[in-house]
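J.: Input my_file_1.cif, format and content: mmCIF, C-alpha atoms.
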```
data_protein
#
loop_
_atom_site.label_atom_id
_atom_site.label_comp_id
_atom_site.auth_asym_id
_atom_site.auth_seq_id
_atom_site.Cartn_x
_atom_site.Cartn_y
_atom_site.Cartn_z
CA MET A 181 -8.55 -6.50 -3.84
CA THR A 182 -8.62 -5.39 -0.20
CA ALA A 183 -9.95 -1.87 0.24
CA LYS A 184 -7.41 0.50 1.77
CA THR A 185 -7.40 3.87 3.48
CA ILE A 186 -5.06 6.02 1.39
CA VAL A 187 -3.90 9.53 2.30
CA LEU A 188 -2.78 11.29 -0.88
CA THR A 189 -1.10 14.70 -0.89
CA GLY A 190 -0.97 16.86 -3.99
CA ALA A 191 -4.37 15.38 -4.76
CA SER A 192 -6.18 18.35 -6.27
CA ASP A 193 -4.47 18.43 -9.67
CA GLY A 194 -2.41 16.44 -12.18
CA ILE A 195 -1.52 12.85 -11.41
CA GLY A 196 -2.76 13.26 -7.83
CA ALA A 197 -6.30 13.98 -9.00
CA ALA A 198 -6.16 11.26 -11.65
CA ALA A 199 -4.89 8.71 -9.12
CA SER A 200 -7.56 9.73 -6.63
CA ARG A 201 -10.31 9.12 -9.17
CA LYS A 202 -8.93 5.68 -10.04
CA LEU A 203 -8.38 4.64 -6.42
CA VAL A 204 -11.90 5.69 -5.41
CA ALA A 205 -13.31 3.84 -8.44
CA ASP A 206 -11.41 0.74 -7.25
CA GLY A 207 -13.18 0.92 -3.89
CA HIS A 208 -10.56 2.51 -1.66
CA THR A 209 -11.13 5.25 0.89
CA VAL A 210 -9.02 8.14 -0.37
CA VAL A 211 -8.28 11.10 1.89
CA LEU A 212 -7.44 14.06 -0.31
CA VAL A 213 -4.84 16.63 0.72
CA GLY A 214 -4.31 19.69 -1.47
CA ARG A 215 -2.97 23.23 -1.34
CA SER A 216 -5.91 24.90 -3.08
CA PRO A 217 -9.08 24.91 -0.96
CA GLN A 218 -11.23 25.41 -4.06
CA LYS A 219 -9.71 22.66 -6.20
CA THR A 220 -9.44 20.20 -3.32
CA ALA A 221 -13.05 20.75 -2.24
CA ALA A 222 -14.27 20.43 -5.83
CA LEU A 223 -12.54 17.07 -6.30
CA ALA A 224 -13.74 15.89 -2.90
CA GLY A 225 -17.30 16.78 -3.89
CA GLU A 226 -16.93 14.92 -7.17
CA LEU A 227 -15.61 11.78 -5.47
CA GLY A 228 -17.51 11.95 -2.20
CA ALA A 229 -14.14 11.91 -0.42
CA GLU A 230 -12.84 13.49 2.76
CA HIS A 231 -10.38 16.32 2.22
CA PHE A 232 -7.89 18.54 4.02
CA THR A 233 -5.90 21.54 2.86
CA ALA A 234 -2.35 22.52 3.70
CA ASP A 235 0.30 24.67 2.05
CA PHE A 236 3.59 22.80 2.34
CA ALA A 237 5.47 26.11 2.15
CA ASP A 238 4.29 26.64 5.74
CA LEU A 239 5.36 23.89 8.15
CA SER A 240 2.84 24.98 10.76
CA GLN A 241 0.14 23.90 8.30
CA VAL A 242 1.86 20.53 7.88
CA ARG A 243 1.88 20.05 11.65
CA ALA A 244 -1.81 20.97 11.85
CA LEU A 245 -2.56 18.57 8.98
CA ALA A 246 -0.80 15.70 10.75
CA GLY A 247 -2.84 16.32 13.89
CA GLU A 248 -6.10 16.34 11.93
CA LEU A 249 -5.20 13.15 10.07
CA LYS A 250 -4.24 11.30 13.25
CA ARG A 251 -7.52 12.23 14.91
CA ALA A 252 -9.62 11.33 11.89
CA HIS A 253 -7.78 8.18 10.81
CA PRO A 254 -6.22 5.96 13.48
CA HIS A 255 -5.51 3.45 10.70
CA ILE A 256 -3.77 4.46 7.45
CA ASP A 257 -2.79 1.80 4.92
CA VAL A 258 -0.95 4.05 2.49
CA LEU A 259 0.54 7.54 2.69
CA VAL A 260 1.32 8.95 -0.74
CA ASN A 261 3.68 11.94 -0.56
CA ASN A 262 2.87 13.38 -3.95
CA ALA A 263 2.82 17.15 -3.35
CA GLY A 264 5.70 19.06 -4.89
CA GLY A 265 6.83 21.36 -7.65
CA ILE A 266 9.58 23.26 -9.37
CA PHE A 267 9.75 27.01 -8.80
CA GLY A 268 11.44 30.07 -10.25
CA ASP A 269 13.85 32.42 -8.55
CA ARG A 270 15.28 31.31 -5.25
CA THR A 271 12.87 32.21 -2.45
CA ARG A 272 12.65 31.39 1.24
CA THR A 273 9.52 30.14 2.95
CA VAL A 274 8.07 31.56 6.15
CA ASP A 275 10.13 28.85 7.89
CA GLY A 276 13.37 30.17 6.38
CA PHE A 277 14.12 27.33 3.95
CA GLU A 278 14.55 27.36 0.18
CA LYS A 279 11.05 26.73 -1.15
CA THR A 280 11.84 23.79 -3.43
CA LEU A 281 13.59 21.93 -0.62
CA GLN A 282 10.76 22.53 1.81
CA VAL A 283 7.77 21.77 -0.40
CA ASN A 284 9.26 18.66 -2.01
CA HIS A 285 11.27 17.21 0.87
CA LEU A 286 11.07 18.82 4.29
CA ALA A 287 7.27 19.01 4.40
CA PRO A 288 6.65 15.35 3.44
CA PHE A 289 9.52 14.32 5.73
CA LEU A 290 7.79 16.12 8.60
CA LEU A 291 4.32 14.80 7.76
CA THR A 292 5.56 11.21 7.53
CA ASN A 293 7.40 11.45 10.84
CA LEU A 294 4.44 13.01 12.63
CA LEU A 295 2.24 10.15 11.38
CA LEU A 296 4.89 7.52 12.06
CA ASP A 297 3.24 5.80 15.03
CA THR A 298 0.01 5.40 13.07
CA LEU A 299 1.85 4.20 9.97
CA ILE A 300 3.89 1.61 11.85
CA GLU A 301 0.88 0.30 13.75
CA SER A 302 -1.01 0.08 10.44
CA ARG A 303 1.91 -1.68 8.71
CA ALA A 304 1.51 1.00 6.07
CA SER A 305 3.20 1.75 2.78
CA VAL A 306 4.75 5.18 2.18
CA VAL A 307 4.86 6.04 -1.52
CA ASN A 308 7.05 9.01 -2.45
CA THR A 309 6.69 10.70 -5.83
CA SER A 310 10.21 11.39 -7.05
CA SER A 311 11.45 12.12 -10.57
CA ALA A 312 14.07 11.28 -13.16
CA ALA A 313 15.26 14.83 -12.37
CA ALA A 314 17.10 13.24 -9.43
CA ARG A 315 19.39 11.59 -11.96
CA LEU A 316 19.45 14.43 -14.49
CA PHE A 317 19.94 17.44 -12.20
CA GLY A 318 20.47 16.23 -8.64
CA SER A 319 23.82 16.68 -6.90
CA ILE A 320 23.38 17.18 -3.18
CA ASP A 321 25.84 19.19 -1.14
CA ILE A 322 24.90 18.19 2.39
CA ASP A 323 26.34 21.45 3.68
CA ASP A 324 24.26 23.51 1.26
CA LEU A 325 20.82 21.88 1.21
CA ASN A 326 19.21 25.29 0.71
CA ASN A 327 21.28 25.82 -2.46
CA GLU A 328 22.67 29.16 -1.41
CA ARG A 329 25.53 28.62 -3.86
CA GLY A 330 24.85 28.09 -7.56
CA TYR A 331 21.05 27.98 -7.36
CA SER A 332 18.97 27.13 -10.39
CA PRO A 333 15.37 25.87 -10.49
CA ASN A 334 16.47 22.60 -12.11
CA LYS A 335 19.28 22.00 -9.62
CA ALA A 336 17.02 22.70 -6.64
CA TYR A 337 14.32 20.40 -8.02
CA GLY A 338 16.77 17.63 -8.87
CA ASP A 339 18.25 17.80 -5.37
CA ALA A 340 14.78 17.67 -3.80
CA LYS A 341 13.73 14.67 -5.87
CA LEU A 342 17.00 12.93 -5.00
CA SER A 343 16.23 13.71 -1.37
CA ASN A 344 12.90 11.90 -1.81
CA ILE A 345 14.79 8.75 -2.80
CA LEU A 346 17.32 9.04 0.01
CA PHE A 347 14.45 9.59 2.46
CA THR A 348 12.73 6.49 1.10
CA LYS A 349 15.80 4.35 1.61
CA GLU A 350 16.52 5.66 5.11
CA LEU A 351 12.86 5.34 6.13
CA GLN A 352 12.94 1.71 5.02
CA ARG A 353 16.23 1.07 6.83
CA ARG A 354 14.98 2.53 10.08
CA PHE A 355 11.46 1.17 10.18
CA GLY A 356 11.16 -1.67 7.69
CA ARG A 357 11.64 -4.26 10.43
CA ARG A 358 8.69 -2.72 12.28
CA GLY A 359 6.34 -3.29 9.35
CA LEU A 360 6.63 -0.06 7.41
CA SER A 361 7.32 -0.24 3.65
CA ALA A 362 8.66 2.73 1.69
CA VAL A 363 9.08 3.17 -2.05
CA ALA A 364 9.82 6.00 -4.50
CA PHE A 365 8.89 6.31 -8.16
CA HIS A 366 9.05 8.50 -11.26
CA PRO A 367 5.61 8.96 -12.86
CA GLY A 368 7.01 9.84 -16.27
CA VAL A 369 6.85 13.20 -18.01
CA VAL A 370 3.19 14.15 -17.71
CA ARG A 371 1.11 16.91 -19.36
CA THR A 372 0.02 18.90 -16.31
CA SER A 373 0.30 22.45 -14.93
CA PHE A 374 3.70 21.43 -13.55
CA ALA A 375 6.37 24.17 -13.89
CA SER A 376 3.79 26.75 -14.92
CA ASP A 377 5.09 29.32 -12.42
CA THR A 378 8.81 28.86 -12.99
CA THR A 379 11.51 30.28 -15.24
CA SER A 380 12.90 26.78 -15.75
CA VAL A 381 13.18 25.45 -19.29
CA MET A 382 10.84 22.71 -18.06
CA ARG A 383 8.03 25.24 -18.43
CA PHE A 384 8.39 25.18 -22.20
CA LEU A 385 8.38 21.39 -22.25
CA TYR A 386 5.23 21.07 -20.13
CA GLN A 387 3.26 24.19 -21.09
CA THR A 388 3.44 24.42 -24.89
CA PRO A 389 2.19 22.34 -27.84
CA LEU A 390 5.56 20.57 -27.65
CA ALA A 391 4.06 18.50 -24.85
CA ARG A 392 1.86 16.51 -27.21
CA LEU A 393 4.40 16.43 -30.02
CA LEU A 394 6.99 14.95 -27.66
CA GLY A 395 4.58 12.30 -26.44
CA LEU A 396 4.16 13.46 -22.87
CA LEU A 397 1.85 11.28 -20.81
CA SER A 398 -1.66 12.18 -19.82
CA PRO A 399 -2.33 12.61 -16.08
CA GLU A 400 -4.18 9.29 -16.16
CA GLN A 401 -1.13 7.55 -17.64
CA GLY A 402 1.18 9.26 -15.14
CA ALA A 403 -1.06 8.13 -12.28
CA ARG A 404 -0.79 4.44 -13.16
CA PRO A 405 2.48 3.72 -11.31
CA LEU A 406 1.19 5.60 -8.26
CA VAL A 407 -1.99 3.52 -8.26
CA TRP A 408 0.01 0.32 -8.83
CA LEU A 409 2.23 1.01 -5.83
CA ALA A 410 -0.63 2.15 -3.58
CA GLU A 411 -2.72 -0.92 -4.36
CA GLY A 412 0.18 -3.34 -4.47
CA GLU A 413 1.56 -5.62 -1.79
CA PRO A 414 5.07 -4.70 -0.58
CA GLY A 415 7.50 -7.57 -1.01
CA THR A 416 5.21 -9.22 -3.57
CA ASP A 417 4.30 -6.61 -6.17
CA TRP A 418 7.17 -4.22 -5.42
CA MET A 419 10.29 -4.20 -3.28
CA PRO A 420 10.48 -1.81 -0.33
CA GLY A 421 13.33 0.68 -0.29
CA GLU A 422 13.62 0.85 -4.07
CA TYR A 423 13.11 3.50 -6.75
CA TYR A 424 10.83 2.62 -9.69
CA GLU A 425 10.37 3.82 -13.23
CA LYS A 426 7.77 2.19 -15.51
CA GLN A 427 6.96 -0.26 -12.71
CA LYS A 428 10.51 -1.59 -12.63
CA VAL A 429 13.40 -0.94 -10.25
CA ALA A 430 15.50 1.71 -11.97
CA ALA A 431 18.92 3.27 -11.68
CA THR A 432 19.10 6.87 -10.52
CA SER A 433 21.83 9.18 -9.18
CA PRO A 434 24.80 7.34 -7.65
CA GLN A 435 24.24 9.49 -4.57
CA ALA A 436 21.01 7.57 -3.94
CA LEU A 437 23.15 4.56 -2.97
CA ASP A 438 25.16 6.51 -0.38
CA GLU A 439 23.92 5.20 2.98
CA GLN A 440 25.92 7.75 4.95
CA LEU A 441 24.40 10.58 2.91
CA ALA A 442 20.91 9.19 3.50
CA ALA A 443 21.50 9.03 7.26
CA GLU A 444 22.98 12.53 7.39
CA LEU A 445 20.16 13.96 5.27
CA TRP A 446 17.69 12.47 7.74
CA ARG A 447 19.59 13.95 10.69
CA ARG A 448 19.74 17.42 9.18
CA SER A 449 16.15 17.31 7.98
CA ALA A 450 15.00 16.37 11.49
CA GLU A 451 17.01 19.25 12.90
CA TYR A 452 15.53 21.67 10.36
CA VAL A 453 11.91 20.76 11.11
CA GLY A 454 12.40 20.45 14.87
CA LEU A 455 12.13 16.70 15.28
CA PRO A 456 14.32 14.56 17.53
CA ASP A 457 16.61 12.09 15.78
CA ASP A 458 17.02 8.90 17.76
CA GLY A 459 19.78 7.72 15.43
CA ALA A 460 17.96 4.49 14.61
#
```
Kindly return the structure encoded in the file as structure tokens.

T.:
Amino acid sequence: MTAKTIVLTGASDGIGAAASRKLVADGHTVVLVGRSPQKTAALAGELGAEHFTADFADLSQVRALAGELKRAHPHIDVLVNNAGGIFGDRTRTVDGFEKTLQVNHLAPFLLTNLLLDTLIESRASVVNTSSAAARLFGSIDIDDLNNERGYSPNKAYGDAKLSNILFTKELQRRFGRRGLSAVAFHPGVVRTSFASDTTSVMRFLYQTPLARLLGLLSPEQGARPLVWLAEGEPGTDWMPGEYYEKQKVAATSPQALDEQLAAELWRRSAEYVGLPDDGA
């Protein structure tokens, strides 16, 4: 297996931490990105890995992170956009966006675009952690991306995870011919601290003894598809532009197949985060 340089966000906990341990054990150079300075530094010390911190609820930190990564790593083989979460009551970030939308979609959209030149030159893979919630709860209103009407934690999370898939498909359409490969996946329902700070019913699924009774996956099990995609060869092991569950191309929300929606989501996301849209 060829050793790769892998930038992994959301690395300090859950499947991100489990995947980082496995990827380092397999001989890859893993660059850890986490929100918690303490947790991220502790994992970096354990693995002997480089680490950066950024809170995706603040886009200025995402911009600073991109600058640091570009200076430190002129070659990146894989970018794993794994940071995300479901939250409680509707809140706005310092940037003025609904928090679920920003942390799960706008921040990784911005980070990927700011690293785009490096990723294209490196012929990199971009792996986006999505969720079956895209199918279960997602229903995007392109004119209400911030969910100002009819907000619920599940709806906001489902929309954001559906946005991850639409972003994946549009990223592949725009830049696949230039050597970039994008893919999205659902890790499964994993026993982690996910949903611990939300009023969503998901909290009771993830944070009570029901988790084991219902057969939720361990973080190590949930990390396996992430590791498989990061280590795999696009076009051979997995198909770029697709959404995977259990290491197979899977059906998701019908909206994920809407090419016009994907293009418009890209345009509006670029406008939100202050990026030009060349209409590629």

J.: For A:Pro367, list every protein, DNA or RNA residue within 9 Å, evaluated using all atoms listed in the file, and leave out those in the same chain fewer than 4 positions away; present the list as an MDAnalysis selection string.

T.: chainID A and resid 195 309:312 401:406 424:426

J.: Report as a PyMOL selection string the residues that result from applying the PyMOL selection byres ((chain A and resi 228) around 12) to the structure here.

T.: chain A and resi 200-201+204-205+207-212+220-227+229-231

J.: Could you list the residues chosen by the PyMOL selection byres ((chain A and resi 329-331) around 12) in this structure as a PyMOL selection string?

T.: chain A and resi 267-271+278-281+317-321+323-328+332-339+380

J.: Store the residues picked out above in a file with C-alpha atoms, as a PDB file, keeping the file's coordinate frame.

T.:
```pdb
ATOM      1  CA  PHE A 267       9.750  27.010  -8.800  1.00  0.00           C
ATOM      2  CA  GLY A 268      11.440  30.070 -10.250  1.00  0.00           C
ATOM      3  CA  ASP A 269      13.850  32.420  -8.550  1.00  0.00           C
ATOM      4  CA  ARG A 270      15.280  31.310  -5.250  1.00  0.00           C
ATOM      5  CA  THR A 271      12.870  32.210  -2.450  1.00  0.00           C
ATOM      6  CA  GLU A 278      14.550  27.360   0.180  1.00  0.00           C
ATOM      7  CA  LYS A 279      11.050  26.730  -1.150  1.00  0.00           C
ATOM      8  CA  THR A 280      11.840  23.790  -3.430  1.00  0.00           C
ATOM      9  CA  LEU A 281      13.590  21.930  -0.620  1.00  0.00           C
ATOM     10  CA  PHE A 317      19.940  17.440 -12.200  1.00  0.00           C
ATOM     11  CA  GLY A 318      20.470  16.230  -8.640  1.00  0.00           C
ATOM     12  CA  SER A 319      23.820  16.680  -6.900  1.00  0.00           C
ATOM     13  CA  ILE A 320      23.380  17.180  -3.180  1.00  0.00           C
ATOM     14  CA  ASP A 321      25.840  19.190  -1.140  1.00  0.00           C
ATOM     15  CA  ASP A 323      26.340  21.450   3.680  1.00  0.00           C
ATOM     16  CA  ASP A 324      24.260  23.510   1.260  1.00  0.00           C
ATOM     17  CA  LEU A 325      20.820  21.880   1.210  1.00  0.00           C
ATOM     18  CA  ASN A 326      19.210  25.290   0.710  1.00  0.00           C
ATOM     19  CA  ASN A 327      21.280  25.820  -2.460  1.00  0.00           C
ATOM     20  CA  GLU A 328      22.670  29.160  -1.410  1.00  0.00           C
ATOM     21  CA  SER A 332      18.970  27.130 -10.390  1.00  0.00           C
ATOM     22  CA  PRO A 333      15.370  25.870 -10.490  1.00  0.00           C
ATOM     23  CA  ASN A 334      16.470  22.600 -12.110  1.00  0.00           C
ATOM     24  CA  LYS A 335      19.280  22.000  -9.620  1.00  0.00           C
ATOM     25  CA  ALA A 336      17.020  22.700  -6.640  1.00  0.00           C
ATOM     26  CA  TYR A 337      14.320  20.400  -8.020  1.00  0.00           C
ATOM     27  CA  GLY A 338      16.770  17.630  -8.870  1.00  0.00           C
ATOM     28  CA  ASP A 339      18.250  17.800  -5.370  1.00  0.00           C
ATOM     29  CA  SER A 380      12.900  26.780 -15.750  1.00  0.00           C
TER      30      SER A 380
END
```

J.: Go through the shown structure with the PyMOL selection byres ((chain A and resi 435) around 10) and write out the matching residues as a ChimeraX atom specification.

T.: /A:314-315,318-320,342-343,345-346,432-434,436-442

J.: List every protein, DNA or RNA residue that has an atom no more than 10 Å from (15.5, 0.6, -7.8) in the file's coordinate frame, counting only C-alpha atoms, and report them as a list in words.

T.: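 Residues with an atom close enough to that point: Ile345, Val363, Ala364, Phe365, Trp418, Met419, Pro420, Gly421, Glu422, Tyr423, Tyr424, Glu425, Gln427, Lys428, Val429, Ala430, Ala431, Thr432, Ala436 and Leu437 of chain A.
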
J.: Expressed in Å to a single decimal, how great is the separation between atom CA of A:Ala237 and atom CA of A:Gly196?

T.: 18.2 Å

J.: Counting all atoms listed in the file, which residue out of A:Pro288, A:Gly356, A:Pro217, A:Pro399 sits closest to A:Ala198?

T.: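 Using all atoms listed in the file, the shortest distance to A:Ala198 belongs to A:Pro399.
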
J.: Measuring atom to atom with all atoms listed in the file, identify which of A:Ser398, A:Asn344, A:Ser361, A:Ser192 is nearest to A:Glu413.

T.: A:Ser361

J.: Determine, counting all atoms listed in the file, which protein, DNA and RNA residues have an atom within 7 Å of an atom of stretch 244-252 of chain A; residues of the same chain fewer than 2 positions away are not included. Present the result as a list in words.

T.: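 Using all atoms listed in the file, the neighbours found are Ala234, Ser240, Gln241, Val242, Pro254, Leu291, Leu294 and Leu295 of chain A.
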
J.: Write out as a list in words the residues lying within 6 Å of stretch 304-306 of chain A, counting all atoms listed in the file and excluding same-chain residues fewer than 4 positions away.

T.: Asp257, Val258, Leu259, Val260, Leu299, Leu360, Ser361 and Ala362 of chain A

J.: Could you add all heavy atoms to stretch 402-413 of chain A and give me the result as a short mmCIF file (atom, residue, chain, number, x, y, z; two decimals), keeping the file's coordinate frame?

T.:
```cif
data_model
loop_
_atom_site.label_atom_id
_atom_site.label_comp_id
_atom_site.auth_asym_id
_atom_site.auth_seq_id
_atom_site.Cartn_x
_atom_site.Cartn_y
_atom_site.Cartn_z
N GLY A 402 0.19 8.99 -16.18
CA GLY A 402 1.18 9.26 -15.14
C GLY A 402 0.76 8.73 -13.79
O GLY A 402 1.61 8.44 -12.93
N ALA A 403 -0.55 8.62 -13.57
CA ALA A 403 -1.06 8.13 -12.28
C ALA A 403 -0.95 6.62 -12.14
O ALA A 403 -1.02 6.10 -11.02
CB ALA A 403 -2.52 8.56 -12.12
N ARG A 404 -0.77 5.90 -13.23
CA ARG A 404 -0.79 4.44 -13.16
C ARG A 404 0.25 3.86 -12.22
O ARG A 404 -0.06 2.96 -11.42
CB ARG A 404 -0.65 3.85 -14.57
CG ARG A 404 -1.89 4.00 -15.42
CD ARG A 404 -1.67 3.54 -16.84
NE ARG A 404 -2.82 3.85 -17.68
CZ ARG A 404 -2.81 3.79 -19.00
NH1 ARG A 404 -1.69 3.44 -19.65
NH2 ARG A 404 -3.90 4.09 -19.70
N PRO A 405 1.52 4.30 -12.26
CA PRO A 405 2.48 3.72 -11.31
C PRO A 405 2.15 4.06 -9.87
O PRO A 405 2.40 3.25 -8.96
CB PRO A 405 3.83 4.31 -11.75
CG PRO A 405 3.49 5.50 -12.58
CD PRO A 405 2.19 5.19 -13.23
N LEU A 406 1.60 5.23 -9.62
CA LEU A 406 1.19 5.60 -8.26
C LEU A 406 0.10 4.65 -7.77
O LEU A 406 0.17 4.12 -6.66
CB LEU A 406 0.70 7.05 -8.25
CG LEU A 406 0.43 7.73 -6.90
CD1 LEU A 406 0.41 9.25 -7.08
CD2 LEU A 406 -0.86 7.27 -6.27
N VAL A 407 -0.90 4.43 -8.62
CA VAL A 407 -1.99 3.52 -8.26
C VAL A 407 -1.47 2.11 -8.06
O VAL A 407 -1.85 1.41 -7.10
CB VAL A 407 -3.09 3.55 -9.34
CG1 VAL A 407 -4.13 2.47 -9.10
CG2 VAL A 407 -3.75 4.93 -9.39
N TRP A 408 -0.57 1.68 -8.93
CA TRP A 408 0.01 0.32 -8.83
C TRP A 408 0.73 0.14 -7.50
O TRP A 408 0.55 -0.89 -6.83
CB TRP A 408 0.96 0.10 -10.00
CG TRP A 408 1.75 -1.17 -9.94
CD1 TRP A 408 1.27 -2.44 -10.05
CD2 TRP A 408 3.16 -1.29 -9.74
NE1 TRP A 408 2.31 -3.35 -9.94
CE2 TRP A 408 3.48 -2.67 -9.75
CE3 TRP A 408 4.20 -0.36 -9.58
CZ2 TRP A 408 4.78 -3.14 -9.60
CZ3 TRP A 408 5.49 -0.83 -9.43
CH2 TRP A 408 5.77 -2.21 -9.43
N LEU A 409 1.51 1.12 -7.10
CA LEU A 409 2.23 1.01 -5.83
C LEU A 409 1.28 1.09 -4.64
O LEU A 409 1.42 0.34 -3.67
CB LEU A 409 3.28 2.12 -5.74
CG LEU A 409 4.47 1.99 -6.69
CD1 LEU A 409 5.27 3.29 -6.73
CD2 LEU A 409 5.38 0.83 -6.30
N ALA A 410 0.31 1.99 -4.69
CA ALA A 410 -0.63 2.15 -3.58
C ALA A 410 -1.47 0.90 -3.37
O ALA A 410 -1.75 0.49 -2.24
CB ALA A 410 -1.53 3.36 -3.82
N GLU A 411 -1.88 0.28 -4.46
CA GLU A 411 -2.72 -0.92 -4.36
C GLU A 411 -1.92 -2.19 -4.16
O GLU A 411 -2.46 -3.21 -3.70
CB GLU A 411 -3.58 -1.07 -5.63
CG GLU A 411 -4.62 0.02 -5.79
CD GLU A 411 -5.54 -0.21 -6.97
OE1 GLU A 411 -5.11 -0.88 -7.94
OE2 GLU A 411 -6.67 0.30 -6.93
N GLY A 412 -0.63 -2.14 -4.48
CA GLY A 412 0.18 -3.34 -4.47
C GLY A 412 0.58 -3.79 -3.08
O GLY A 412 0.46 -3.08 -2.09
N GLU A 413 1.11 -5.01 -3.03
CA GLU A 413 1.56 -5.62 -1.79
C GLU A 413 3.08 -5.52 -1.71
O GLU A 413 3.79 -6.10 -2.54
CB GLU A 413 1.14 -7.08 -1.73
CG GLU A 413 1.50 -7.80 -0.45
CD GLU A 413 0.73 -7.28 0.76
OE1 GLU A 413 -0.38 -6.74 0.57
OE2 GLU A 413 1.25 -7.40 1.88
#
```
